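This report concerns only the one structure given below.
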Amino acid sequence: MLFLAIVAFSGATHDIACDGVYMSELSPSQQARYIGWQGAFYNIAKIVATGGLVYLAGRLIKHYLPGGDNATATAAELFEANRNAWLVIMLILGAVMILLGIYHIFILPSSAKAAEAEKVVPARRSAAEIMSELWSVLRQFFTKKHIAIYIAFILLYRFGEGFVVKVVPLFLKASREAGGMGLDTGQIGIYYGTYGAAAFVTGSLLAGYYISSLGLKRALFSLVCAFNIPFIVYALLAWQQPEQGWIIASGIIFEYFGYGFGFVGLTLFMMQQVAPGKHQMAHYAFASGIMNLGVMIPGMMSGWLADRLGYLTFFIVVMLCTIPAFIMCRLVPFRYDDKGKLIEAEEAALTNDEG
């Protein structure tokens with residue numbers, strides 16, 4: 001558990017630094033234009049891990065099994081084959097991360113602001129001063145104008161995904177008698193790692209240019225639709241239980257295209273409407289944490305709910321859980337325009353408050 005906690009802490013720290021570079025190096029218009037690329041490469045690792053690497057693990061398990069047959073293997077042989085296969089997968093992941101780390105040392109840009117900041121030697125501060133500043137950063141975040149609506153919108157945007165993301169792999173692998181699709185590990189890897197990844201990247205890239213041309217405010221509702229409506233695919237699959245692989249793959253492609261297309265909308269919204277201010281990077285990190293909470297909470301109850309409702313009813317309930325996101329999308333206010341400037345009405349209100 002301690003090791004997993006260290007890995008989670010390291011991943012969260014990396015996310016904050018990565019997003020900080022994106023926000024500090026690009027203007028608001030550039031952020032909108034390239035948010036699709038950022039979203040694609042931010043999430044493609046998850047798709048590769050749950051698709052490509054799972055498929056590779058399945059092939060390696062068969063390779064390590066005597067005769068390559070799961071049906072005739074003993075429990076001890078299955079355990080040994082799984083251990084060896086996943087050891088190879090973890091070694092591959094470790095090597096990739098080391099190489100990427102070395103690459104980033106030399107290739108990541110450093111802004112003029114960062115260069116100026118390096119010239120100033122910060123004074124040593126006490127623990128009390130650090131905690132006081134942390135409290136100030138937190139207080140400024142939770143006292144932002146419209147912050148309650150922003151938090152509700154961020155939590156609800158991916159609420160349906162939180163239910164789906166944990167259950168879909170189980171649904172695809174479950175037997176048809178149990179209401180699942182009856183796919184093996186290799187098929188799941190191909191559909192997710194190859195077809196799903198391609199659809200996700202395509203959706204993310206197109207969304208970036210779509211937002212750049214239309215503007216986030218005008219595009220937001222369509223992005224919410226693209227993100228949430230495709231979850232209906234799994235309800236249809238659970239209802240009809242098609243045996244043709246191309247039908248199952250097409251459903252996954254449709255869902256992942258919508259996921260990629262819609263996901264970047266929330267990311268850009270947090271960057272341009274929630275984070276701006278004195279502590280932009282820290283406030284974006286807080287917003288990201290709230291976003292992940294909106295996925296984690298339904299994820300914690302998704303397995304329990306799916307077991308009790310069955311897959312078909314569960315996915316229907318998921319579609320009902322996406323409705324609040326559409327409502328909040330219509331209510332959420334915009335404080336900044338697409339160029340990052342405070343909207344006149346907001347600026348006037350701020351001036352009045354200060355006066």
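Residues are referred to by chain and number: the chain letter is A, B, ... according to the order shown in the structure tokens, the number counts from 1 in that chain, and ligands are numbered separately from 1 in the order shown.
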
Mind dumping a table of every region 176-284 of chain A residue within 9 Å of region 1-24 of chain A, with the nearest atom pair and its distance in Å to one decimal, using only C-alpha atoms, sorted by chain and rising number, as a tab-separated table?
residue	atom	partner	partner_atom	distance
A:Met271	CA	A:Met23	CA	7.3
A:Gln280	CA	A:Gly20	CA	8.4
A:Met281	CA	A:Gly20	CA	5.5
A:Ala282	CA	A:Ile16	CA	8.0
A:Tyr284	CA	A:Ile16	CA	8.0

Those selected residues, please, written with N, CA and C atoms and delivered as a tab-separated table (two decimals), in the first residue's frame.
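Result written to part-v2.tsv:
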chain	number	residue	atom	x	y	z
A	271	MET	N	-8.76	25.49	-17.00
A	271	MET	CA	-7.60	26.34	-17.26
A	271	MET	C	-8.00	27.80	-17.41
A	280	GLN	N	-2.35	30.57	-10.26
A	280	GLN	CA	-2.99	29.86	-11.35
A	280	GLN	C	-2.70	28.36	-11.32
A	281	MET	N	-1.43	27.99	-11.17
A	281	MET	CA	-1.08	26.58	-11.22
A	281	MET	C	-1.68	25.81	-10.04
A	282	ALA	N	-1.59	26.40	-8.84
A	282	ALA	CA	-2.15	25.74	-7.66
A	282	ALA	C	-3.66	25.59	-7.78
A	284	TYR	N	-5.42	25.44	-10.54
A	284	TYR	CA	-5.74	24.42	-11.54
A	284	TYR	C	-5.55	23.03	-10.93

For region 293-300 of chain A, list every protein, DNA or RNA residue within 8 Å, evaluated using only C-alpha atoms, and leave out those in the same chain fewer than 3 positions away; present the list as a ChimeraX atom specification. /A:154-166,289-290,303

Selection from above, C-alpha atoms, as a PDB file, in the first residue's frame, can you write it?
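What landed in again.pdb:
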ATOM      1  CA  ILE A 154     -16.520  19.978 -12.522  1.00  0.00           C
ATOM      2  CA  LEU A 155     -17.827  17.200 -10.275  1.00  0.00           C
ATOM      3  CA  LEU A 156     -20.783  16.393 -12.520  1.00  0.00           C
ATOM      4  CA  TYR A 157     -19.078  16.641 -15.930  1.00  0.00           C
ATOM      5  CA  ARG A 158     -17.407  13.216 -15.572  1.00  0.00           C
ATOM      6  CA  PHE A 159     -19.831  11.707 -13.056  1.00  0.00           C
ATOM      7  CA  GLY A 160     -21.215   9.199 -15.555  1.00  0.00           C
ATOM      8  CA  GLU A 161     -17.713   8.231 -16.634  1.00  0.00           C
ATOM      9  CA  GLY A 162     -16.876   7.440 -13.005  1.00  0.00           C
ATOM     10  CA  PHE A 163     -19.503   4.681 -13.036  1.00  0.00           C
ATOM     11  CA  VAL A 164     -18.588   3.362 -16.466  1.00  0.00           C
ATOM     12  CA  VAL A 165     -14.798   3.305 -16.374  1.00  0.00           C
ATOM     13  CA  LYS A 166     -14.543   0.620 -13.667  1.00  0.00           C
ATOM     14  CA  GLY A 289      -8.327  17.181  -7.817  1.00  0.00           C
ATOM     15  CA  ILE A 290     -12.036  18.015  -7.668  1.00  0.00           C
ATOM     16  CA  GLY A 303     -19.057  -2.376  -8.819  1.00  0.00           C
TER      17      GLY A 303
END

Excluding same-chain residues fewer than 3 positions from Gln241 (chain A), what lies within 8 Å of it counting only C-alpha atoms, as a VMD selection string? chain A and resid 176 179 to 181 236 to 238

For Tyr209 (chain A), the nearest of the candidates A:Leu183, A:Ala32, A:Ile247, A:Leu100, counting only C-alpha atoms: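 Nearest to Tyr209 (chain A): A:Ala32.
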
For region 194-205 of chain A, find every residue with an atom within 9 Å (counting only C-alpha atoms), except residues of its own chain fewer than 2 positions away, and show them as an MDAnalysis selection string. chainID A and resid 34:41 43:44 47:48 51:52 189:192 207:210 249:250 252:264
